[in-house]
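Trainee: Submitted below is the structure of interest, expressed as structure tokens.
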Protein chains: 2
Amino acid sequence: MKKTVESAPAGVKEIARRANVSIGTVDRVLNNRTGVAAKTRERVLEIIKELDYQPNLMARRLASRRTWKFAVLIPSTSSETGYWNAPLAGIRQAAAEIRDFGAQVEVFLFDQNDKQTFTANANSILKQQFDGVLFAPMFEEESLKLIKKCNTKQIPYVFINSDIEGQERLSYIGPDLYQSGHLAAHLVNYLLQDQQEVLIVNISKEMDLHHHLLKKEEGFRAYFRNNKRPVKLNKTDIRQTDYHSVKTKLSKLLRENNIDVIFVTNSRVHTVARFLEESGDVNIRLIGYDFLAENIAFLEKSVIDFLICQKPQEQGHKGVMALYNYLVQGLPVEDAQHMPIDIVTRENYRNYRN
Amino acid sequence: MKKTVESAPAGVKEIARRANVSIGTVDRVLNNRTGVAAKTRERVLEIIKELDYQPNLMARRLASRRTWKFAVLIPSTSSETGYWNAPLAGIRQAAAEIRDFGAQVEVFLFDQNDKQTFTANANSILKQQFDGVLFAPMFEEESLKLIKKCNTKQIPYVFINSDIEGQERLSYIGPDLYQSGHLAAHLVNYLLQDQQEVLIVNISKEMDLHHHLLKKEEGFRAYFRNNKRPVKLNKTDIRQTDYHSVKTKLSKLLRENNIDVIFVTNSRVHTVARFLEESGDVNIRLIGYDFLAENIAFLEKSVIDFLICQKPQEQGHKGVMALYNYLVQGLPVEDAQHMPIDIVTRENYRNYRN
DNA sequence: GAAAATTTCGTGTACGTACACAAAAATAAT
DNA sequence: ATTATTTTTGTGTACGTACACGAAATTTTC
């Protein structure tokens, strides 16, 4: 019971021979161009299916002079957080991979603290002729404007990192915020003994980004609502993100409450870690987000117990590839691609790939 | 300060034009074939460098009739465990990706319980002309024979899933067993209250595979040796892998000892889970290995607390790509590629990708 | 039923590189 | 200096697909 040795895969020529037509006709069927008799088309299609014809991408690319241009619009790396370095790296990697296939990627960066820069870049993108857009719809109102224009211009667009519901986006690639909060709660639940208390910490300047954090908090709280044992959840919002402000607020809180586990809803967990280390509160368990050098340092020292990460680099990569697969390859693209929710600890961070 | 708009990248034709030679000569220089006057070669090389010529991989591949054949030798999926389905899927995926680039992959399967099938397949591989081999060196003695023959035949080979030290393999792709045991211990340490006891369970028929499990156990034990608080570690080996045998052995053990956490060193953790569920020992925490349907079912029901996974599918994919990158692309390949050590729980398994 | 219009199909060239073969130039042998 | 030999260089075809153009077959029009 051996499969026949597969010879060189069949191409248009072989199809043409079997269907008794010329390769021109086969080509018309393959690229469903007009000008083929229905009967002939059917016959050719049958043989194509029968042979399980796979076009040779090399030859296809070589013969076609067509090129594509994709625009990417994401936040620049602020001095405050290096998070967006990772998606950008993934975007660059994808760009390199698809360059030979005629797709070019141009990156535009906006300032997270300045909506104006978002709009300016968006307009710049619209002026040029791009075949697809990948962007982070952080500012809802401004994003909706861009979306609308893309719709009328028939330019497909992909969201990265956050989603806006009810839009005709090609795909959303990003974290599953609610679920990641849920997971955090699950871990906290293991860390927690009976009667112990939890503190939820939101550290964020921008009101807009709050939405992001709230979804995680929601998932976190939902877990404990369904929990068997009752757990007291305290919470604080810290709007001044510098260390001194965080320290002041936290020391007051820890003095007045009996906190055993702290959950920080974003990557600024290292600020809290620094505080705990300096104040010597070594018995407090700490859990937060993102594989950043500052965080890893505290993970290594066991000040942070768990980091939850959602492969930011892969997000960038997948974002670009979604456009490429859809436009260039003509493949179907998943409506939403939620990233895996990784748990990073002192014992596995060395093997982690962002 | 704008870079000049990049026109279509220069090819052999442009080089030939500038050097005042034919494309044939340029071709000879590029592939450093013989038969070019030293002076001419120099002139051409200079222009190549000047233009920063990048060969068009598509065209190169299309024109070159050269093909590669890779052999893969891994265990077949036994009725006992579906583990190897995952690496095989990754191998198949990689094969599809590189097919157009002239690389073909042929898969050979051996029976984990029959060394003879390994040797027979290995010989079959050696008889044919393969350009590279990817295999799981499970049986040391038999593997060494294959390795030796590959060495004399100058065929590069890659190990998957387990490593044999001191060999001139092109690369090793697989789990970091020791470290994954370490991670398991780290998690167990969170689950454990003072004075509580742990049970390590090895369930395995084959003596040979034991080596695998022992490395994990070693990492596990090492963690607790360095631990602040003393933890009592019990251990049992179960050689009969059917449910009844496991049940008998475990019930006796749990009756006589006071076990709070069980660590199963391989994917058979679902057998233990089934036992705990049936016996109603719901307070015992359970941790084991691998993203298999049987295990996920118990993870969902919270009978299993954690599963540790090492991306078996990606292992297969990377194994094939290592051969491809090295032989076809001429790229350097990492000596060892340890997989990430993923923690899968009830709250994140839906997002997990093997 | 012939000419015109339209549909359907086949042929040729191009993409950038590899490689075989032939032509030309340079060198060696007589 | 002429022929033979070797080295160096140029030309042509092929890879599998895309696409323009023109030929053939079919349908429409009068």
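Letters for chains follow the order of the structure tokens (A, B, ...), residue numbers begin at 1 for each chain, and ligand numbers begin at 1 in the order shown.
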Within 7 Å of chain B, which residues of chain C come that close, and what is the closest atom pair and distance in Å for each? Count only C-alpha atoms (C1' of nucleotides) and give it as a Markdown table.
Mentor:
```
| residue | atom | partner | partner_atom | distance |
| --- | --- | --- | --- | --- |
| C:DG16 | C1' | B:Ala59 | CA | 5.1 |
| C:DT17 | C1' | B:Arg60 | CA | 4.9 |
| C:DA18 | C1' | B:Ala63 | CA | 5.4 |
```
Trainee: Would you mind exporting C-alpha atoms (C1' of nucleotides) of the selected residues as a PDB file, in the first residue's frame?
Mentor:
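Contents of result_15.pdb, freshly written:
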```pdb
ATOM      1  C1'  DG C  16      15.429  37.147 -13.744  1.00  0.00           C
ATOM      2  C1'  DT C  17      18.352  33.426 -13.413  1.00  0.00           C
ATOM      3  C1'  DA C  18      20.808  28.809 -14.688  1.00  0.00           C
TER       4       DA C  18
END
```
Trainee: Could you find all residues in segment 159-209 of chain B that DSSP calls helix (DSSP H, G or I) from the backbone, and write them as a ChimeraX atom specification?
Mentor: /B:177-191,207-209
Trainee: Of the candidates A:Ala185, A:Ile304, A:Ala273, A:Leu109, which shows the shortest atom-to-atom distance to chain B, using only C-alpha atoms?
Mentor: A:Ala185
Trainee: Counting only C-alpha atoms (C1' of nucleotides), what are the residues of chain D within 8 Å of chain A, and for each of them which pair of atoms is the nearest and at what distance in Å, to one decimal? Sort the table by chain and rising number, as a tab-separated table.
Mentor:
```
residue	atom	partner	partner_atom	distance
D:DG16	C1'	A:Ala59	CA	5.0
D:DT17	C1'	A:Arg60	CA	4.9
D:DA18	C1'	A:Ala63	CA	5.4
```
Trainee: Using only C-alpha atoms, pick whichever of B:Asn151, B:Gln240, B:Gln54, B:Ser267 has the shortest atom-to-atom distance to chain A.
Mentor: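 Among B:Asn151, B:Gln240, B:Gln54, B:Ser267, it is B:Gln54 that comes nearest to chain A.
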Trainee: For chain A, which residue among B:Thr241, B:Thr271, B:Ser76, B:Asn354 is the nearest when counting only C-alpha atoms?
Mentor: B:Asn354
Trainee: Would you kindly return, as a VMD selection string, each protein, DNA or RNA residue with an atom no farther than 9 Å from any atom of DG10 of chain C, considering only C-alpha atoms (C1' of nucleotides) and excluding same-chain residues fewer than 2 positions away?
Mentor: (chain A and resid 21 to 25) or (chain D and resid 23 to 24)
Trainee: Residues of chain B within 10 Å of chain A, counting only C-alpha atoms, what are they? List them as a PyMOL selection string.
Mentor: chain B and resi 56-63+99-102+175-176+179-187+189-193+223+305+337-353
Trainee: Pairing the C-alpha atoms in order and superposing chain B on chain A, what is the resulting RMSD?
Mentor: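 When all C-alpha atoms are superposed, the deviation is 1.4 Å.
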